[in-house]
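Asks: This structure is in structure tokens; I'll ask about it shortly.
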Amino acid sequence: MQDRPWLRNYPKSIDWGAPIPRAPLQNLLLDSAVKYPDRPCLDFMGRRYTYAEVRDLAQRAAAGFQRLGVKRGTRVGLLLPNCPYSIIAYFGVLLAGGIVVNYSPLYAAPQLRDQVENSGTEFMVTLDVELLYPKVAPMVGTTCLRQLIVGSLADVLPFPKNVLYPIAKRKDLYRGARKANDVAFRDLLQNDGKFTPVQVDPERDVAVLQYTGGTTGVPKGAMLTHANLYANAHQALLWLEGAEWGREKMLGALPFFHVFAMTVAMNLAIYIGGEIILHPRFVLDDVLRDIHRKRPTLVPGVPTMFAAINQSPKVKRLDLRSIKFCISGGAPLPVQVKQKFEDLTGCKLVEGYGLTEASPVAACNPLYGVNKAGSIGQPLPGTSIVITDRDDPKRIVDPGQRGEICIAGPQVMAGYWNRPEDTAKVIVDGRLRTGDIGAMDEDGYVFLIDRIKDLILVGGFNVYPRNVEEAIYQHSAVAEVTVCGVPDQRLGQAVKAFVRVREGSMLTEPELLDFLRSRIGKHELPRQIEFRAQLPKTLVGKLSKKELVEEETAKFQAARAAG
């Protein structure tokens, strides 16, 4: 037990050593369609699809893909928001033997082109909208991209929305000339669904290429095998004590092109025969309305999503009691956000931890049991976490000491696509180096201190942004905060806080600094505080430091150049 301290305090009803099955990822859908053929699988804007319908559509998509030339190992891109196509195409590609490559709809054309070329994407599924089609169409024939499969949202909406959509959204639709060899998604499905089954080796065959900045900031394709993703869905299920097969409803408001939503909101829901209440994106009022009316039981989200719910004046007028559990991931969950959400809703909100290279979930706080303040919880079943010396990744540090969080388990990726040197740097002795600074206590609870790349060096002192952010969040007037290091001529770096104040509240820099003096060290106090109406966020809604650091660096360089 010495090398697995979490076993001292592990949830009594969860077996850490339980067998973790590995299987072709498409079996998630095929098996649930056998068990629950008539149960709703998707609810998209009021149009519901049963498991049998989604399976049949995925099989027809597989046959259509194979007729276009998709075979074992062919990379097929999904450039889609959350919609029925994103699930039908995902499983259709897998059934056809292809590899799914997820693309963010918010990517600029150069980012899309780079990922297309790097991954060798040959086919791309997208929509006939101005936001997407014009960005990707010019790449057909000028890159390795051979063909587009283009869907129309009108085809997947219920009546009368399907009739009104082309009228109401006229400005959003692409009206220009289309590629001659484009295939309409509806035509892709015009077959009997008889595809050629492809033999899959779950441990070796890649199911999804999921691009990430990784631990070095350079976008790389994490090779997630069928076994990686199937295992992680099962691990999440084991942790989700009390989940009822064939009865749960999952809120799908996080984008499925992101690995957290792909695994927890989509794959896990389909694994247990749950119904996915699908949203194209997170819109607070729409989500609250659907929680009230459609009664989801499971709600995965990012911290900004729960913070937004906390701040909504509508919360007290709506019935949110259907929710059993909420799981927060993608970014550290501020303690104040967790406490307020639980007080408002009466729902359990637990923080999990993972990263793209781990499919992604590696640890989570128990739903029933001790939640230690500031902890990201304990390792999932079958997962080992150790804290290693940052300078010697083979040396494990003592309990309570800070170091780099390293993970081993069936969910850890096979490596980076066509990047063996990068793979060798992050997978050492069978463990994934996360690039995150953390500590583990004697009970096996992991505490995330910060990302190594976000560490601020102030005149030789280490400052962890998360510590400062947690202190600032304790002020009742603060809605959101991001803390980062900015260039400083004397100290090398200085701490700067970017703050969004709650609507109707007032806060000044002297007031906030006075509030912080008794809560953090002198070296951690922000040298600057900037109040903003909005803070930059990533594609999945996480607060982002990147843009702010770039702004501050540019200002510093301009000032230095001016003398």
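Residue names in the structure tokens use chain letters A, B, ... in the order shown, residue numbers from 1 in each chain, and ligand numbers from 1 in the order shown.
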Find the residues around stretch 84-91 of chain A up to 6 Å (only C-alpha atoms counted), leave out those fewer than 2 positions away in its own chain, and share them as a PyMOL selection string.

Replies: chain A and resi 26+58+93-94

Asks: Taking only residues of stretch 67-168 of chain A that have an atom at most 8 Å from an atom of stretch 47-51 of chain A, what is each one's shortest atom pair and its distance in Å to one decimal, using only C-alpha atoms, in chain and number order, as CSV?

Replies:
residue,atom,partner,partner_atom,distance
A:Val156,CA,A:Arg47,CA,7.6
A:Leu157,CA,A:Arg47,CA,6.1
A:Pro158,CA,A:Arg47,CA,4.9

Asks: Could you save the residues just selected, with all heavy atoms, as a PDB file, in the first residue's frame?

Replies:
ATOM      1  N   VAL A 156     -31.528  17.937 -39.503  1.00  0.00           N
ATOM      2  CA  VAL A 156     -31.522  17.238 -38.214  1.00  0.00           C
ATOM      3  C   VAL A 156     -32.351  17.965 -37.154  1.00  0.00           C
ATOM      4  O   VAL A 156     -32.311  17.613 -35.979  1.00  0.00           O
ATOM      5  CB  VAL A 156     -30.075  17.035 -37.705  1.00  0.00           C
ATOM      6  CG1 VAL A 156     -29.345  16.037 -38.590  1.00  0.00           C
ATOM      7  CG2 VAL A 156     -29.309  18.336 -37.630  1.00  0.00           C
ATOM      8  N   LEU A 157     -33.100  18.986 -37.572  1.00  0.00           N
ATOM      9  CA  LEU A 157     -33.952  19.725 -36.643  1.00  0.00           C
ATOM     10  C   LEU A 157     -35.381  19.195 -36.702  1.00  0.00           C
ATOM     11  O   LEU A 157     -35.818  18.667 -37.734  1.00  0.00           O
ATOM     12  CB  LEU A 157     -33.943  21.214 -36.981  1.00  0.00           C
ATOM     13  CG  LEU A 157     -32.655  21.981 -36.675  1.00  0.00           C
ATOM     14  CD1 LEU A 157     -32.700  23.374 -37.295  1.00  0.00           C
ATOM     15  CD2 LEU A 157     -32.444  22.083 -35.167  1.00  0.00           C
ATOM     16  N   PRO A 158     -36.143  19.361 -35.622  1.00  0.00           N
ATOM     17  CA  PRO A 158     -37.546  18.938 -35.643  1.00  0.00           C
ATOM     18  C   PRO A 158     -38.407  19.953 -36.396  1.00  0.00           C
ATOM     19  O   PRO A 158     -38.009  21.107 -36.584  1.00  0.00           O
ATOM     20  CB  PRO A 158     -37.917  18.914 -34.155  1.00  0.00           C
ATOM     21  CG  PRO A 158     -37.056  19.977 -33.559  1.00  0.00           C
ATOM     22  CD  PRO A 158     -35.756  19.930 -34.322  1.00  0.00           C
TER      23      PRO A 158
END

Asks: What lies within 12 Å of stretch 522-525 of chain A using only C-alpha atoms, ignoring chain neighbours under 5 positions off, as a VMD selection string?

Replies: chain A and resid 455 to 472 483 to 485 491 493 to 497 509 to 510 512 to 517

Asks: For the selection just defined, write its residues with C-alpha atoms to a file, as a compact mmCIF listing (two decimals), in the first residue's frame.

Replies:
# COMPACT_ATOMS: atom_id res chain seq x y z
CA LEU A 455 4.85 29.22 -12.68
CA ILE A 456 5.84 32.85 -12.00
CA LEU A 457 9.39 33.61 -10.87
CA VAL A 458 9.37 36.85 -8.91
CA GLY A 459 12.89 37.86 -7.94
CA GLY A 460 13.84 34.26 -7.26
CA PHE A 461 10.58 33.35 -5.47
CA ASN A 462 8.12 30.83 -6.94
CA VAL A 463 4.57 32.14 -7.23
CA TYR A 464 1.78 29.75 -8.20
CA PRO A 465 -1.06 31.58 -9.98
CA ARG A 466 -3.70 29.23 -8.62
CA ASN A 467 -2.89 30.22 -5.02
CA VAL A 468 -3.38 33.88 -5.87
CA GLU A 469 -6.55 33.18 -7.87
CA GLU A 470 -8.09 31.20 -5.00
CA ALA A 471 -7.45 34.12 -2.64
CA ILE A 472 -8.97 36.66 -5.03
CA VAL A 483 -3.40 35.58 -12.71
CA CYS A 484 -0.26 35.38 -14.80
CA GLY A 485 3.36 36.48 -14.85
CA LEU A 491 12.32 41.25 -10.92
CA GLN A 493 8.50 38.68 -13.74
CA ALA A 494 5.73 40.32 -11.78
CA VAL A 495 2.32 39.05 -10.73
CA LYS A 496 -0.62 40.60 -12.55
CA ALA A 497 -4.30 39.87 -11.92
CA GLU A 509 -7.39 47.95 -6.84
CA PRO A 510 -6.56 49.31 -3.34
CA LEU A 512 -8.63 44.21 -3.42
CA LEU A 513 -4.99 44.51 -2.40
CA ASP A 514 -6.00 45.30 1.16
CA PHE A 515 -8.26 42.23 1.14
CA LEU A 516 -5.40 40.01 -0.08
CA ARG A 517 -2.68 41.09 2.36

Asks: I'd like a table as a Markdown table: residues in stretch 152-265 of chain A with an atom no more than 9 Å from stretch 535-557 of chain A, each row giving the shortest atom pair and its distance in Å to one decimal, only C-alpha atoms counted, sorted by chain and rising residue number.

Replies:
| residue | atom | partner | partner_atom | distance |
| --- | --- | --- | --- | --- |
| A:Leu254 | CA | A:Val540 | CA | 6.6 |
| A:Pro255 | CA | A:Val540 | CA | 6.5 |
| A:His258 | CA | A:Val540 | CA | 7.1 |

Asks: Restricted to N, CA, C and O atoms, what would the selected residues look like written as a PDB file, in the first residue's frame?

Replies:
ATOM      1  N   LEU A 254     -20.906  20.959 -23.351  1.00  0.00           N
ATOM      2  CA  LEU A 254     -19.493  21.143 -23.671  1.00  0.00           C
ATOM      3  C   LEU A 254     -19.231  20.588 -25.069  1.00  0.00           C
ATOM      4  O   LEU A 254     -19.833  19.589 -25.466  1.00  0.00           O
ATOM      5  N   PRO A 255     -18.318  21.186 -25.823  1.00  0.00           N
ATOM      6  CA  PRO A 255     -18.101  20.745 -27.212  1.00  0.00           C
ATOM      7  C   PRO A 255     -17.422  19.387 -27.307  1.00  0.00           C
ATOM      8  O   PRO A 255     -16.389  19.153 -26.681  1.00  0.00           O
ATOM      9  N   HIS A 258     -13.705  18.575 -27.935  1.00  0.00           N
ATOM     10  CA  HIS A 258     -12.754  18.627 -26.826  1.00  0.00           C
ATOM     11  C   HIS A 258     -12.796  17.288 -26.093  1.00  0.00           C
ATOM     12  O   HIS A 258     -13.850  16.689 -25.895  1.00  0.00           O
TER      13      HIS A 258
END

Asks: For A:Val287, find every residue with an atom within 12 Å (counting only C-alpha atoms), except residues of its own chain fewer than 3 positions away, and show them as a PyMOL selection string.

Replies: chain A and resi 45+250-254+277-284+290-296+299+301+305-306+308-309+312+314-315+318+320

Asks: Would you save the residues of that selection, restricted to C-alpha atoms, as a PDB file, in the first residue's frame?

Replies:
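What follows is the written file out10.pdb:
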ATOM      1  CA  MET A  45     -33.345  21.051 -30.039  1.00  0.00           C
ATOM      2  CA  MET A 250     -26.456  13.715 -19.731  1.00  0.00           C
ATOM      3  CA  LEU A 251     -26.267  17.429 -20.458  1.00  0.00           C
ATOM      4  CA  GLY A 252     -24.116  17.803 -23.587  1.00  0.00           C
ATOM      5  CA  ALA A 253     -23.277  21.512 -23.525  1.00  0.00           C
ATOM      6  CA  LEU A 254     -19.493  21.143 -23.671  1.00  0.00           C
ATOM      7  CA  ILE A 277     -29.450  16.535 -24.168  1.00  0.00           C
ATOM      8  CA  LEU A 278     -27.387  18.133 -26.898  1.00  0.00           C
ATOM      9  CA  HIS A 279     -26.531  21.844 -27.125  1.00  0.00           C
ATOM     10  CA  PRO A 280     -24.511  23.341 -30.016  1.00  0.00           C
ATOM     11  CA  ARG A 281     -22.697  25.466 -27.427  1.00  0.00           C
ATOM     12  CA  PHE A 282     -23.052  26.651 -23.857  1.00  0.00           C
ATOM     13  CA  VAL A 283     -25.635  29.447 -23.681  1.00  0.00           C
ATOM     14  CA  LEU A 284     -26.538  30.040 -20.037  1.00  0.00           C
ATOM     15  CA  ASP A 290     -33.265  22.618 -20.427  1.00  0.00           C
ATOM     16  CA  ILE A 291     -32.169  21.626 -16.919  1.00  0.00           C
ATOM     17  CA  HIS A 292     -35.542  22.877 -15.676  1.00  0.00           C
ATOM     18  CA  ARG A 293     -37.616  21.229 -18.436  1.00  0.00           C
ATOM     19  CA  LYS A 294     -35.710  18.162 -19.633  1.00  0.00           C
ATOM     20  CA  ARG A 295     -34.348  17.077 -16.249  1.00  0.00           C
ATOM     21  CA  PRO A 296     -30.742  15.965 -16.888  1.00  0.00           C
ATOM     22  CA  VAL A 299     -23.868  17.634 -15.806  1.00  0.00           C
ATOM     23  CA  GLY A 301     -18.772  21.300 -17.141  1.00  0.00           C
ATOM     24  CA  MET A 305     -19.869  27.258 -16.614  1.00  0.00           C
ATOM     25  CA  PHE A 306     -20.652  26.634 -12.946  1.00  0.00           C
ATOM     26  CA  ALA A 308     -22.042  31.510 -14.674  1.00  0.00           C
ATOM     27  CA  ILE A 309     -24.863  29.429 -13.183  1.00  0.00           C
ATOM     28  CA  SER A 312     -27.641  33.860 -12.795  1.00  0.00           C
ATOM     29  CA  LYS A 314     -32.828  32.787 -12.609  1.00  0.00           C
ATOM     30  CA  VAL A 315     -31.335  29.933 -10.584  1.00  0.00           C
ATOM     31  CA  LEU A 318     -35.838  27.132 -11.600  1.00  0.00           C
ATOM     32  CA  LEU A 320     -32.530  21.998 -10.759  1.00  0.00           C
TER      33      LEU A 320
END

Asks: Please identify all polymer residues within 8 Å of stretch 69-78 of chain A, counting only C-alpha atoms, omitting same-chain residues fewer than 5 positions from it, and present them as a list in words.

Replies: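 So, after excluding close chain neighbours, the residues are Ser86, Ala89, Tyr90, Val93, Ala96, Gly97, Gly98, Ile99, Val100, Val101, Asn102, Tyr103, Ser119, Gly120, Thr121, Glu122, Phe123, Met124, Val125, Thr126, Val198, Val206 and Phe257 of chain A.
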
Asks: Per residue of stretch 189-278 of chain A within 7 Å of stretch 401-414 of chain A, record the nearest atom pair and its distance in Å to one decimal, counting only C-alpha atoms, with rows in chain order and ascending residue number, as a tab-separated table.

Replies:
residue	atom	partner	partner_atom	distance
A:Ala222	CA	A:Met413	CA	6.5
A:Met223	CA	A:Ala414	CA	5.5
A:Leu224	CA	A:Met413	CA	5.0
A:Thr225	CA	A:Ala414	CA	6.8
A:Asn228	CA	A:Gln411	CA	4.2
A:Leu229	CA	A:Gln411	CA	6.5
A:Ala231	CA	A:Gln411	CA	6.1
A:Asn232	CA	A:Gln411	CA	5.6

Asks: If DSSP is run on the backbone, what residues of stretch 319-380 of chain A are strand (DSSP E or B)? A reply as number ranges by chain would be ideal.

Replies: A: 325-328, 348-354, 361-364, 375-379

Asks: My list of candidates is A:Arg451, A:Arg247, A:Arg317, A:Lys161. Which is closest to A:Gly46 when distances are computed with only C-alpha atoms?

Replies: A:Lys161

Asks: At a cut-off of 12 Å, using only C-alpha atoms, what residues contact A:Gly273? Leave out same-chain residues fewer than 5 positions from it and give the result as a PyMOL selection string.

Replies: chain A and resi 28-42+50-52+54+237+243-250+266-268

Asks: In Å, how far is it from atom CA of A:Ala236 to atom CA of A:Leu333?

Replies: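 Between atom CA of A:Ala236 and atom CA of A:Leu333 the gap is 18.6 Å.
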
Asks: Measuring atom to atom with only C-alpha atoms, identify which of A:Glu480, A:Asp15, A:Asp422, A:Asp43 is nearest to A:Leu380.

Replies: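 Of A:Glu480, A:Asp15, A:Asp422, A:Asp43, the one nearest A:Leu380 is A:Asp15, counting only C-alpha atoms.
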
Asks: Between atom CA of A:Val501 and atom CA of A:Ser476, measure the distance and give it in Å to one decimal.

Replies: 9.1 Å

Asks: Quick one: of A:Met139, A:Ile427, A:Ile529, A:Val481, who's nearest to A:Val337, counting only C-alpha atoms?

Replies: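 Nearest candidate to A:Val337 out of A:Met139, A:Ile427, A:Ile529, A:Val481: A:Val481.
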
Asks: Using only C-alpha atoms, which residue out of A:Ile14, A:Ala177, A:Val259, A:Ala358 lies closest to A:Ser104?

Replies: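 Nearest candidate to A:Ser104 out of A:Ile14, A:Ala177, A:Val259, A:Ala358: A:Val259.
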
Asks: Contacts of A:Thr356 at 8 Å or less, counting only C-alpha atoms, minus same-chain residues fewer than 6 places along, as a VMD selection string?

Replies: chain A and resid 210 to 212 214 222 259 to 260
